[in-house]
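J.: Contents of target.cif (mmCIF, C-alpha atoms and all ligand atoms) are given next:
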data_coords
#
loop_
_atom_site.label_atom_id
_atom_site.label_comp_id
_atom_site.auth_asym_id
_atom_site.auth_seq_id
_atom_site.Cartn_x
_atom_site.Cartn_y
_atom_site.Cartn_z
CA MET A 29 99.59 -25.38 105.89
CA PRO A 30 100.84 -26.10 102.38
CA LEU A 31 97.43 -26.07 100.58
CA THR A 32 94.55 -23.61 100.83
CA PRO A 33 90.97 -24.81 101.57
CA GLU A 34 90.07 -24.06 97.91
CA GLN A 35 92.95 -26.23 96.65
CA LEU A 36 91.97 -29.04 99.03
CA ALA A 37 88.35 -28.83 97.79
CA GLU A 38 89.61 -29.14 94.18
CA ILE A 39 91.60 -32.24 95.14
CA ASP A 40 88.61 -33.77 96.96
CA ALA A 41 86.44 -33.17 93.88
CA LEU A 42 88.97 -34.99 91.70
CA ARG A 43 89.26 -37.87 94.14
CA SER A 44 85.49 -38.28 94.35
CA ASN A 45 85.19 -38.78 90.60
CA PRO A 46 86.96 -42.07 89.76
CA GLN A 47 86.97 -43.22 86.12
CA PRO A 48 86.96 -46.87 85.01
CA THR A 49 90.11 -47.84 83.09
CA LEU A 50 91.70 -50.83 81.39
CA ARG A 51 95.16 -49.55 82.37
CA ALA A 52 97.19 -51.09 85.17
CA THR A 53 96.49 -49.40 88.49
CA VAL A 54 98.16 -49.93 91.85
CA PRO A 55 95.97 -49.61 94.99
CA GLY A 56 98.88 -48.22 97.02
CA MET A 57 99.45 -45.50 94.46
CA GLU A 58 95.75 -44.73 94.01
CA ALA A 59 95.75 -43.91 97.72
CA HIS A 60 98.54 -41.36 97.12
CA LEU A 61 96.96 -39.75 94.02
CA TYR A 62 96.57 -35.97 94.42
CA HIS A 63 97.21 -35.98 98.19
CA ALA A 64 99.86 -33.46 99.21
CA HIS A 65 102.53 -34.92 101.48
CA PRO A 66 103.97 -32.03 103.51
CA VAL A 67 107.72 -31.45 103.26
CA LEU A 68 109.70 -28.70 105.08
CA ASP A 69 107.64 -25.76 106.39
CA HIS A 70 105.54 -24.87 103.33
CA GLY A 71 106.45 -27.51 100.74
CA PHE A 72 104.81 -30.69 99.55
CA VAL A 73 104.99 -33.52 97.04
CA ARG A 74 101.90 -35.00 95.49
CA VAL A 75 101.34 -37.59 92.79
CA ILE A 76 99.40 -36.22 89.83
CA ASP A 77 99.59 -39.30 87.63
CA TYR A 78 101.53 -42.50 87.08
CA MET A 79 101.88 -45.17 84.43
CA GLY A 80 102.81 -48.81 84.87
CA ASP A 81 103.55 -51.10 87.79
CA ASP A 82 105.98 -53.93 88.64
CA ALA A 83 104.20 -56.17 86.11
CA ALA A 84 104.70 -53.58 83.34
CA ILE A 85 108.48 -53.83 83.89
CA CYS A 86 108.36 -57.62 83.49
CA GLN A 87 105.98 -57.26 80.53
CA ALA A 88 108.52 -55.02 78.76
CA ALA A 89 111.48 -57.21 79.73
CA ARG A 90 109.73 -60.29 78.29
CA VAL A 91 108.28 -58.26 75.37
CA SER A 92 105.05 -60.02 76.21
CA TYR A 93 101.71 -60.07 74.35
CA GLY A 94 99.71 -60.26 77.58
CA LYS A 95 100.28 -58.90 81.05
CA GLY A 96 103.71 -60.44 81.11
CA THR A 97 103.25 -61.65 84.70
CA LYS A 98 104.35 -65.19 85.53
CA SER A 99 103.98 -65.15 89.30
CA VAL A 100 104.74 -62.56 91.92
CA GLN A 101 107.84 -64.54 92.94
CA ASN A 102 109.07 -64.94 89.36
CA ASP A 103 108.47 -61.27 88.69
CA ALA A 104 110.37 -60.19 91.80
CA GLY A 105 113.25 -62.46 90.75
CA LEU A 106 113.28 -61.01 87.24
CA ILE A 107 113.19 -57.45 88.60
CA ARG A 108 116.13 -58.20 90.90
CA TYR A 109 118.02 -59.66 87.93
CA LEU A 110 117.33 -56.57 85.81
CA MET A 111 118.43 -54.25 88.62
CA ARG A 112 121.55 -56.32 89.38
CA HIS A 113 122.69 -56.35 85.77
CA TRP A 114 121.86 -52.69 84.99
CA HIS A 115 119.27 -53.78 82.44
CA SER A 116 117.58 -50.44 82.85
CA THR A 117 115.22 -49.90 79.92
CA PRO A 118 112.32 -52.00 81.34
CA PHE A 119 112.25 -49.59 84.31
CA GLU A 120 111.80 -46.72 81.86
CA MET A 121 108.36 -48.15 80.99
CA CYS A 122 106.98 -46.76 84.27
CA GLU A 123 106.44 -43.02 84.65
CA ILE A 124 105.36 -40.72 87.44
CA LYS A 125 104.21 -37.10 87.43
CA LEU A 126 104.61 -35.13 90.64
CA HIS A 127 103.57 -31.67 91.77
CA VAL A 128 106.30 -30.32 94.03
CA LYS A 129 106.45 -27.15 96.07
CA LEU A 130 110.01 -26.42 97.13
CA PRO A 131 112.41 -23.57 98.03
CA VAL A 132 114.27 -22.10 95.05
CA PHE A 133 117.70 -23.18 96.38
CA VAL A 134 116.43 -26.79 96.53
CA ALA A 135 114.97 -26.43 93.02
CA ARG A 136 118.44 -25.44 91.76
CA GLN A 137 119.85 -28.77 92.93
CA TRP A 138 116.82 -30.72 91.72
CA ILE A 139 116.84 -29.23 88.20
CA ARG A 140 120.35 -30.62 87.63
CA HIS A 141 118.61 -33.95 87.02
CA ARG A 142 118.13 -33.41 83.32
CA THR A 143 116.36 -36.63 82.46
CA ALA A 144 112.91 -35.40 83.54
CA ASN A 145 110.22 -33.11 82.16
CA VAL A 146 109.54 -29.93 84.11
CA ASN A 147 107.05 -27.11 84.05
CA GLU A 148 107.59 -24.42 86.69
CA TYR A 149 105.22 -21.83 88.13
CA SER A 150 105.71 -18.60 86.21
CA ALA A 151 106.84 -15.66 88.33
CA ARG A 152 106.67 -13.54 85.15
CA TYR A 153 102.94 -14.19 84.92
CA SER A 154 101.96 -14.69 88.58
CA ILE A 155 102.85 -13.09 91.89
CA LEU A 156 104.81 -15.33 94.23
CA ASP A 157 103.38 -15.96 97.71
CA ARG A 158 105.05 -14.69 100.87
CA GLU A 159 106.36 -18.14 101.75
CA PHE A 160 109.96 -18.69 102.75
CA TYR A 161 111.78 -21.71 104.04
CA ILE A 162 112.89 -20.99 107.59
CA PRO A 163 114.69 -24.05 109.03
CA GLU A 164 113.48 -25.75 112.18
CA PRO A 165 115.93 -25.13 115.04
CA ASP A 166 117.38 -28.66 114.73
CA ALA A 167 118.17 -28.02 111.03
CA LEU A 168 120.15 -24.86 111.82
CA ALA A 169 123.69 -26.12 111.68
CA ALA A 170 127.18 -24.63 111.62
CA GLN A 171 129.58 -25.18 108.69
CA SER A 172 131.24 -28.61 108.95
CA VAL A 173 134.95 -28.44 109.75
CA VAL A 174 135.70 -31.77 108.02
CA ASN A 175 133.48 -31.49 104.93
CA ASN A 176 133.32 -28.28 102.92
CA GLN A 177 130.01 -29.48 101.45
CA GLY A 178 128.36 -30.31 104.78
CA ARG A 179 127.10 -29.23 108.16
CA GLY A 180 128.48 -29.56 111.65
CA ALA A 181 126.89 -29.17 115.05
CA THR A 182 123.44 -27.60 115.48
CA LEU A 183 123.40 -23.94 116.46
CA GLU A 184 121.99 -23.30 119.90
CA GLY A 185 120.64 -20.61 122.17
CA ALA A 186 121.41 -17.00 121.31
CA GLU A 187 123.31 -17.92 118.13
CA ALA A 188 120.35 -19.91 116.75
CA ALA A 189 117.98 -17.07 117.64
CA ARG A 190 120.27 -14.49 115.96
CA VAL A 191 120.45 -16.49 112.71
CA LEU A 192 116.70 -17.18 112.64
CA GLU A 193 115.98 -13.49 113.17
CA ILE A 194 118.22 -12.55 110.21
CA LEU A 195 116.57 -15.15 107.96
CA LYS A 196 113.05 -14.01 108.83
CA ALA A 197 113.80 -10.28 108.68
CA ASP A 198 115.63 -10.49 105.33
CA SER A 199 112.89 -12.65 103.79
CA ASN A 200 110.13 -10.30 104.90
CA ARG A 201 112.02 -7.15 103.91
CA ALA A 202 112.73 -8.55 100.44
CA TYR A 203 109.08 -9.53 100.04
CA ASP A 204 107.84 -6.13 101.25
CA ASN A 205 110.01 -4.47 98.60
CA TYR A 206 108.86 -7.00 95.95
CA GLU A 207 105.24 -6.13 96.72
CA SER A 208 105.96 -2.43 96.71
CA MET A 209 107.82 -2.61 93.37
CA ILE A 210 105.01 -4.48 91.56
CA SER A 211 102.28 -2.33 93.11
CA ASP A 212 100.57 -0.18 90.47
CA GLU A 213 98.69 1.96 92.98
CA GLY A 214 99.50 5.50 91.89
CA GLN A 215 102.62 4.43 89.98
CA ALA A 216 103.66 2.45 86.89
CA GLY A 217 104.82 -0.60 88.92
CA LEU A 218 107.76 -2.77 87.93
CA ALA A 219 107.14 -5.88 85.78
CA ARG A 220 106.84 -9.10 87.84
CA GLU A 221 109.62 -10.69 85.79
CA LEU A 222 112.00 -7.98 87.02
CA ALA A 223 110.72 -7.46 90.58
CA ARG A 224 111.34 -11.14 91.42
CA MET A 225 115.12 -10.70 91.08
CA ASN A 226 115.10 -9.14 94.54
CA LEU A 227 113.68 -12.28 96.21
CA PRO A 228 115.91 -14.61 98.23
CA ALA A 229 116.63 -18.24 97.36
CA ASN A 230 114.53 -19.54 100.26
CA ILE A 231 111.27 -18.42 98.62
CA TYR A 232 109.06 -21.28 97.48
CA THR A 233 108.44 -22.19 93.86
CA GLN A 234 106.35 -25.02 92.39
CA TRP A 235 106.62 -27.34 89.46
CA TYR A 236 105.23 -30.39 87.78
CA TRP A 237 107.99 -32.96 87.39
CA LYS A 238 107.59 -36.08 85.25
CA VAL A 239 110.22 -38.77 85.15
CA ASP A 240 110.54 -42.46 84.34
CA LEU A 241 111.33 -44.98 87.04
CA HIS A 242 114.91 -45.62 85.95
CA ASN A 243 115.81 -41.94 86.15
CA LEU A 244 113.77 -41.50 89.31
CA PHE A 245 115.84 -44.24 90.95
CA HIS A 246 118.99 -42.38 89.87
CA PHE A 247 117.62 -39.19 91.45
CA LEU A 248 116.66 -41.02 94.66
CA ARG A 249 120.02 -42.79 94.84
CA LEU A 250 121.76 -39.40 94.89
CA ARG A 251 119.24 -37.30 96.81
CA ALA A 252 117.92 -39.75 99.43
CA ASP A 253 121.56 -40.43 100.31
CA ALA A 254 123.12 -39.24 103.55
CA HIS A 255 125.53 -37.02 101.53
CA ALA A 256 122.68 -35.03 99.97
CA GLN A 257 121.67 -31.75 101.57
CA TYR A 258 118.94 -32.24 104.20
CA GLU A 259 116.50 -29.91 102.44
CA ILE A 260 116.42 -31.98 99.22
CA ARG A 261 116.79 -35.30 101.05
CA VAL A 262 113.45 -34.84 102.82
CA TYR A 263 111.75 -34.53 99.43
CA ALA A 264 113.55 -37.64 98.15
CA ASP A 265 112.55 -39.52 101.32
CA ALA A 266 108.89 -38.57 100.78
CA ILE A 267 109.07 -39.78 97.17
CA CYS A 268 110.70 -43.06 98.30
CA GLU A 269 107.61 -43.76 100.42
CA MET A 270 105.40 -43.29 97.34
CA VAL A 271 107.58 -45.44 95.09
CA LYS A 272 107.54 -48.19 97.72
CA ASP A 273 103.72 -48.30 97.40
CA TRP A 274 103.78 -47.99 93.61
CA VAL A 275 106.31 -50.64 92.54
CA PRO A 276 107.12 -52.63 95.71
CA ALA A 277 109.27 -55.30 94.02
CA SER A 278 111.31 -52.73 92.07
CA TYR A 279 111.73 -50.53 95.13
CA ALA A 280 112.91 -53.52 97.19
CA ALA A 281 115.51 -54.35 94.49
CA PHE A 282 116.57 -50.68 94.35
CA GLU A 283 116.94 -50.53 98.14
CA ASP A 284 119.04 -53.68 98.13
CA TYR A 285 121.31 -53.10 95.12
CA ARG A 286 121.50 -49.32 94.89
CA MET A 287 120.71 -47.65 98.23
CA GLY A 288 122.17 -50.44 100.34
CA GLY A 289 124.78 -51.72 97.87
CA VAL A 290 128.26 -50.39 97.12
CA THR A 291 130.58 -50.38 94.13
CA LEU A 292 134.09 -51.64 94.85
CA SER A 293 137.07 -50.78 92.67
CA ALA A 294 139.31 -53.58 91.36
CA THR A 295 141.91 -52.48 93.94
CA ALA A 296 139.35 -52.77 96.76
CA ILE A 297 138.20 -56.21 95.61
CA ALA A 298 141.84 -57.36 95.56
CA CYS A 299 142.16 -56.15 99.18
CA VAL A 300 139.02 -58.06 100.22
CA GLN A 301 140.43 -61.20 98.58
CA ARG A 302 143.75 -60.77 100.41
CA MET A 303 141.87 -60.22 103.72
CA LEU A 304 139.83 -63.38 103.17
CA LYS A 305 143.12 -65.27 102.79
CA GLY A 306 144.14 -63.98 106.22
CA GLU A 307 146.67 -61.40 104.99
CA LYS A 308 147.10 -58.16 107.03
CA VAL A 309 146.10 -55.40 104.65
CA THR A 310 146.80 -51.79 105.64
CA GLN A 311 146.34 -48.49 103.85
CA GLU A 312 150.08 -48.45 103.08
CA ASN A 313 150.02 -51.83 101.27
CA SER A 314 146.46 -51.54 99.89
CA GLY A 315 147.23 -49.41 96.85
CA MET A 316 144.53 -46.97 97.98
CA SER A 317 144.77 -43.32 98.98
CA LYS A 318 143.99 -42.35 102.58
CA GLY A 319 140.52 -41.16 101.54
CA GLU A 320 139.78 -44.32 99.59
CA TRP A 321 140.98 -46.47 102.48
CA ARG A 322 138.79 -44.57 104.98
CA GLU A 323 135.74 -45.08 102.76
CA PHE A 324 136.67 -48.74 102.19
CA LEU A 325 136.84 -49.35 105.96
CA GLY A 326 133.49 -47.59 106.25
CA VAL A 327 132.02 -50.08 103.76
CA LEU A 328 133.50 -52.97 105.75
CA ASN A 329 132.08 -51.32 108.88
CA ASP A 330 135.60 -51.39 110.36
CA PRO A 331 136.34 -48.18 112.30
CA ALA A 332 140.09 -49.01 112.58
C1 LIG B 1 126.01 -34.82 96.97
C2 LIG B 1 126.03 -34.05 95.67
C3 LIG B 1 126.87 -32.94 95.52
C4 LIG B 1 126.89 -32.22 94.31
N1 LIG B 1 127.70 -31.12 94.19
C5 LIG B 1 127.69 -30.39 93.05
C6 LIG B 1 128.51 -29.21 92.90
O1 LIG B 1 129.24 -28.83 93.79
N2 LIG B 1 128.44 -28.51 91.73
C7 LIG B 1 127.63 -28.91 90.69
O2 LIG B 1 127.62 -28.24 89.65
N3 LIG B 1 126.86 -30.01 90.80
C8 LIG B 1 126.86 -30.75 91.94
N4 LIG B 1 126.06 -31.86 92.05
C9 LIG B 1 125.18 -32.21 90.91
C10 LIG B 1 125.74 -33.42 90.13
O3 LIG B 1 127.00 -33.17 89.59
C11 LIG B 1 124.75 -33.82 89.01
O4 LIG B 1 124.61 -32.73 88.12
C12 LIG B 1 123.37 -34.17 89.52
O5 LIG B 1 123.45 -35.06 90.61
C13 LIG B 1 122.55 -34.79 88.40
O6 LIG B 1 123.10 -36.04 88.09
P1 LIG B 1 123.08 -36.62 86.63
O7 LIG B 1 123.71 -35.67 85.65
O8 LIG B 1 123.66 -37.99 86.69
O9 LIG B 1 121.48 -36.73 86.38
P2 LIG B 1 120.66 -36.55 85.04
O10 LIG B 1 120.81 -35.20 84.48
O11 LIG B 1 119.27 -37.03 85.35
O12 LIG B 1 121.31 -37.55 84.05
C14 LIG B 1 121.24 -38.96 84.26
C15 LIG B 1 122.33 -39.60 83.41
O13 LIG B 1 122.03 -39.34 82.04
C16 LIG B 1 123.23 -39.07 81.33
N5 LIG B 1 123.13 -37.72 80.76
C17 LIG B 1 122.14 -36.82 80.95
N6 LIG B 1 122.35 -35.72 80.22
C18 LIG B 1 123.52 -35.90 79.56
C19 LIG B 1 124.29 -35.13 78.67
N7 LIG B 1 123.89 -33.94 78.26
N8 LIG B 1 125.45 -35.64 78.24
C20 LIG B 1 125.88 -36.84 78.62
N9 LIG B 1 125.20 -37.66 79.47
C21 LIG B 1 124.03 -37.18 79.93
C22 LIG B 1 124.38 -39.21 82.32
O14 LIG B 1 124.84 -40.53 82.28
C23 LIG B 1 123.71 -38.99 83.65
O15 LIG B 1 124.37 -39.63 84.73
C24 LIG B 1 126.04 -32.60 93.23
C25 LIG B 1 125.20 -33.72 93.39
C26 LIG B 1 125.18 -34.43 94.58
C27 LIG B 1 124.24 -35.61 94.72
#
Please re-express this file's structure in structure tokens.
Ligand SMILES: Cc1cc2nc3c(=O)[nH]c(=O)nc-3n(C[C@H](O)[C@H](O)[C@H](O)COP(=O)(O)OP(=O)(O)OC[C@H]3O[C@@H](n4cnc5c(N)ncnc54)[C@H](O)[C@@H]3O)c2cc1C
T.:
Amino acid sequence: MPLTPEQLAEIDALRSNPQPTLRATVPGMEAHLYHAHPVLDHGFVRVIDYMGDDAAICQAARVSYGKGTKSVQNDAGLIRYLMRHWHSTPFEMCEIKLHVKLPVFVARQWIRHRTANVNEYSARYSILDREFYIPEPDALAAQSVVNNQGRGATLEGAEAARVLEILKADSNRAYDNYESMISDEGQAGLARELARMNLPANIYTQWYWKVDLHNLFHFLRLRADAHAQYEIRVYADAICEMVKDWVPASYAAFEDYRMGGVTLSATAIACVQRMLKGEKVTQENSGMSKGEWREFLGVLNDPA
């Protein structure tokens, strides 16, 4: 249960008090506002606020006096053009503010995305909750033997149970000691800002994260990708669902050109051209390294 009954009551109170506005609103996004979408075992993502819609992107691109909308079809075509040609500033006209609850080790990856505004829960001021990310059994994987930055087969049986036991016991022991260090019952008690250094990286933190749509797409391109670590990918996947409802035309263009598209080097394009002419191109005569060639065949969906 990521939110307490009191927090849910606060959200319900906000949702039951709509305000009239002249600003652009998107019904799909209004439905998401404030609701917490659960992620991992104790985490969530929820939309706190947003600005702009697909029309706002076209309005900025056309530097329009009015709404800037021609027709839905024209707008979708313009948005695809902007995305295709990396004309990115119109996408910066849309903004989103999220409240995210996430394990600290996921936050470390997330915070590398510098083009956002962040305010994190203060563990100097407040006491952290006893909430740790403990993977589901199917997310407990061995080290990959082919990729140093990845996972291999799922742990099973006694080995999975052994690892889970260590994770739970260490988390609880660290938290017990954290509580005991900050306790001021009959003793001075260590400052919260110091006691927290004993906590493991699977403890949950929270932040508000505000970003524009261009930089959000960059984040999603990297973190909703199959190469991203599962624990951040599930957050990116949840955000993708929200963005789809917020700016459907932009999200469709992003899915097509960025998530589904690829960048080919000049060498790779030359190989494609030779293949189209019927020439037998191999790794040896391609001008590519073995790794590049393997990835190139992956793009062509050719397992050879
Ligand atoms: C699969 C994967 C594996 C990774 N592995 C590692 C790893 O092993 N070690 C590690 O340290 N990181 C790792 N990273 C993090 C990665 O290197 C980036 O730091 C992270 O993805 C943020 O990307 P970004 O800098 O493009 O994003 P942002 O910080 O949002 O920046 C967006 C763009 O703005 C520009 N920009 C922003 N700030 C500056 C600046 N100060 N100067 C110049 N240009 C700027 C750049 O063009 C940048 O691409 C990994 C990321 C992924 C997705």
J.: Rounded to one decimal, what separation in Å do you get between CA of Thr182 in chain A and CA of Ser199 in chain A?
T.: 21.7 Å
J.: Got a sec to check which residues sit within 12 Å of (116.0, -50.2, 94.5), counting all atoms listed in the file, and write them as a PyMOL selection string?
T.: chain A and resi 104+107-112+114+116+119+241-249+252+268+271-272+275-289
J.: Per residue of chain A within 7 Å of ligand LIG 1 (chain B), which atom pair is closest and at what distance in Å (one decimal), using only C-alpha atoms and all ligand atoms, listed by chain and increasing number, as JSON lines?
T.:
{"residue": "A:Gln137", "atom": "CA", "partner": "B:LIG1", "partner_atom": "C9", "distance": 6.7}
{"residue": "A:Arg140", "atom": "CA", "partner": "B:LIG1", "partner_atom": "C13", "distance": 4.8}
{"residue": "A:His141", "atom": "CA", "partner": "B:LIG1", "partner_atom": "O11", "distance": 3.6}
{"residue": "A:Arg142", "atom": "CA", "partner": "B:LIG1", "partner_atom": "O10", "distance": 3.4}
{"residue": "A:Thr143", "atom": "CA", "partner": "B:LIG1", "partner_atom": "O11", "distance": 4.1}
{"residue": "A:Ala144", "atom": "CA", "partner": "B:LIG1", "partner_atom": "O11", "distance": 6.8}
{"residue": "A:Asn243", "atom": "CA", "partner": "B:LIG1", "partner_atom": "O11", "distance": 6.1}
{"residue": "A:His246", "atom": "CA", "partner": "B:LIG1", "partner_atom": "C14", "distance": 6.9}
{"residue": "A:Phe247", "atom": "CA", "partner": "B:LIG1", "partner_atom": "O11", "distance": 6.7}
{"residue": "A:Leu250", "atom": "CA", "partner": "B:LIG1", "partner_atom": "C27", "distance": 4.5}
{"residue": "A:Arg251", "atom": "CA", "partner": "B:LIG1", "partner_atom": "C27", "distance": 5.7}
{"residue": "A:His255", "atom": "CA", "partner": "B:LIG1", "partner_atom": "C1", "distance": 5.1}
{"residue": "A:Ala256", "atom": "CA", "partner": "B:LIG1", "partner_atom": "C1", "distance": 4.5}
J.: A:His65, A:His127, A:Arg51, A:Arg43: which is nearest Gly80 in chain A, counting only C-alpha atoms?
T.: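 That would be A:Arg51, the residue with the smallest distance to Gly80 in chain A.
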J.: What is the distance, in Å and to one decimal place, between CA of Val128 in chain A and CA of Trp235 in chain A?
T.: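 It comes out at 5.5 Å.
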J.: Quote the spacing between CA of Glu38 in chain A and CA of Leu68 in chain A in Å to one decimal place.
T.: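 A separation of 22.9 Å between them.
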J.: Contacts of Val132 in chain A at 6 Å or less, counting all atoms listed in the file, minus same-chain residues fewer than 6 places along, as an mmCIF file with C-alpha atoms, in the frame of the given file?
T.:
data_model
loop_
_atom_site.group_PDB
_atom_site.id
_atom_site.type_symbol
_atom_site.label_atom_id
_atom_site.label_comp_id
_atom_site.auth_asym_id
_atom_site.auth_seq_id
_atom_site.Cartn_x
_atom_site.Cartn_y
_atom_site.Cartn_z
ATOM 1 C CA ALA A 229 116.630 -18.240 97.360
ATOM 2 C CA ASN A 230 114.530 -19.540 100.260
ATOM 3 C CA ILE A 231 111.270 -18.420 98.620
ATOM 4 C CA TYR A 232 109.060 -21.280 97.480
ATOM 5 C CA THR A 233 108.440 -22.190 93.860
#
J.: Name the closest residue to Val191 in chain A among the candidates A:Ala170, A:Asn45, A:Gln311, A:Ala88; distances are taken between atoms, counting only C-alpha atoms.
T.: A:Ala170
J.: Env of Glu320 in chain A: 12 Å cut, atoms = only C-alpha atoms, seq-sep filter 3 positions within chain, self excluded. Answer as a PDB file with C-alpha atoms, in the coordinates of the input.
T.:
ATOM      1  CA  LEU A 292     134.090 -51.640  94.850  1.00  0.00           C
ATOM      2  CA  SER A 293     137.070 -50.780  92.670  1.00  0.00           C
ATOM      3  CA  THR A 295     141.910 -52.480  93.940  1.00  0.00           C
ATOM      4  CA  ALA A 296     139.350 -52.770  96.760  1.00  0.00           C
ATOM      5  CA  THR A 310     146.800 -51.790 105.640  1.00  0.00           C
ATOM      6  CA  GLN A 311     146.340 -48.490 103.850  1.00  0.00           C
ATOM      7  CA  GLU A 312     150.080 -48.450 103.080  1.00  0.00           C
ATOM      8  CA  SER A 314     146.460 -51.540  99.890  1.00  0.00           C
ATOM      9  CA  GLY A 315     147.230 -49.410  96.850  1.00  0.00           C
ATOM     10  CA  MET A 316     144.530 -46.970  97.980  1.00  0.00           C
ATOM     11  CA  SER A 317     144.770 -43.320  98.980  1.00  0.00           C
ATOM     12  CA  GLU A 323     135.740 -45.080 102.760  1.00  0.00           C
ATOM     13  CA  PHE A 324     136.670 -48.740 102.190  1.00  0.00           C
ATOM     14  CA  LEU A 325     136.840 -49.350 105.960  1.00  0.00           C
ATOM     15  CA  GLY A 326     133.490 -47.590 106.250  1.00  0.00           C
ATOM     16  CA  VAL A 327     132.020 -50.080 103.760  1.00  0.00           C
TER      17      VAL A 327
END
J.: Determine, counting only C-alpha atoms, which protein, DNA and RNA residues have an atom within 9 Å of an atom of range 209-226 of chain A; residues of the same chain fewer than 5 positions away are not included. Present the result as a ChimeraX atom specification.
T.: /A:150-156,202-204
J.: Using all atoms listed in the file for the distances, tell me which of A:Gln234, A:Asn329, A:Gln257, A:Asn313 is nearest to Leu130 in chain A.
T.: A:Gln234
J.: So, counting only C-alpha atoms, which residue among A:Ala84, A:Leu126, A:Ala186, A:Val67 is closest to Tyr161 in chain A?
T.: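 For Tyr161 in chain A, the nearest of the candidates is A:Val67.
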J.: Is it possible to add N, CA and C atoms to range 127-141 of chain A and hand it back as a CSV table (one decimal), in the frame of the given file?
T.:
chain,number,residue,atom,x,y,z
A,127,HIS,N,103.7,-33.1,91.5
A,127,HIS,CA,103.6,-31.7,91.8
A,127,HIS,C,104.4,-31.4,93.0
A,128,VAL,N,105.4,-30.5,92.9
A,128,VAL,CA,106.3,-30.3,94.0
A,128,VAL,C,106.3,-28.8,94.4
A,129,LYS,N,106.2,-28.5,95.6
A,129,LYS,CA,106.4,-27.2,96.1
A,129,LYS,C,107.7,-27.2,96.9
A,130,LEU,N,108.7,-26.3,96.5
A,130,LEU,CA,110.0,-26.4,97.1
A,130,LEU,C,110.7,-25.1,97.1
A,131,PRO,N,111.7,-24.8,98.1
A,131,PRO,CA,112.4,-23.6,98.0
A,131,PRO,C,113.3,-23.5,96.8
A,132,VAL,N,113.5,-22.3,96.3
A,132,VAL,CA,114.3,-22.1,95.0
A,132,VAL,C,115.7,-22.7,95.1
A,133,PHE,N,116.3,-22.6,96.3
A,133,PHE,CA,117.7,-23.2,96.4
A,133,PHE,C,117.7,-24.7,96.3
A,134,VAL,N,116.6,-25.3,96.7
A,134,VAL,CA,116.4,-26.8,96.5
A,134,VAL,C,116.1,-27.1,95.0
A,135,ALA,N,115.3,-26.2,94.4
A,135,ALA,CA,115.0,-26.4,93.0
A,135,ALA,C,116.2,-26.4,92.2
A,136,ARG,N,117.2,-25.5,92.5
A,136,ARG,CA,118.4,-25.4,91.8
A,136,ARG,C,119.2,-26.8,91.8
A,137,GLN,N,119.2,-27.5,92.9
A,137,GLN,CA,119.8,-28.8,92.9
A,137,GLN,C,119.0,-29.8,92.1
A,138,TRP,N,117.7,-29.7,92.3
A,138,TRP,CA,116.8,-30.7,91.7
A,138,TRP,C,116.9,-30.6,90.2
A,139,ILE,N,116.9,-29.4,89.7
A,139,ILE,CA,116.8,-29.2,88.2
A,139,ILE,C,118.1,-29.8,87.5
A,140,ARG,N,119.1,-30.0,88.2
A,140,ARG,CA,120.4,-30.6,87.6
A,140,ARG,C,120.1,-32.0,87.1
A,141,HIS,N,119.0,-32.6,87.5
A,141,HIS,CA,118.6,-34.0,87.0
A,141,HIS,C,117.9,-33.7,85.7
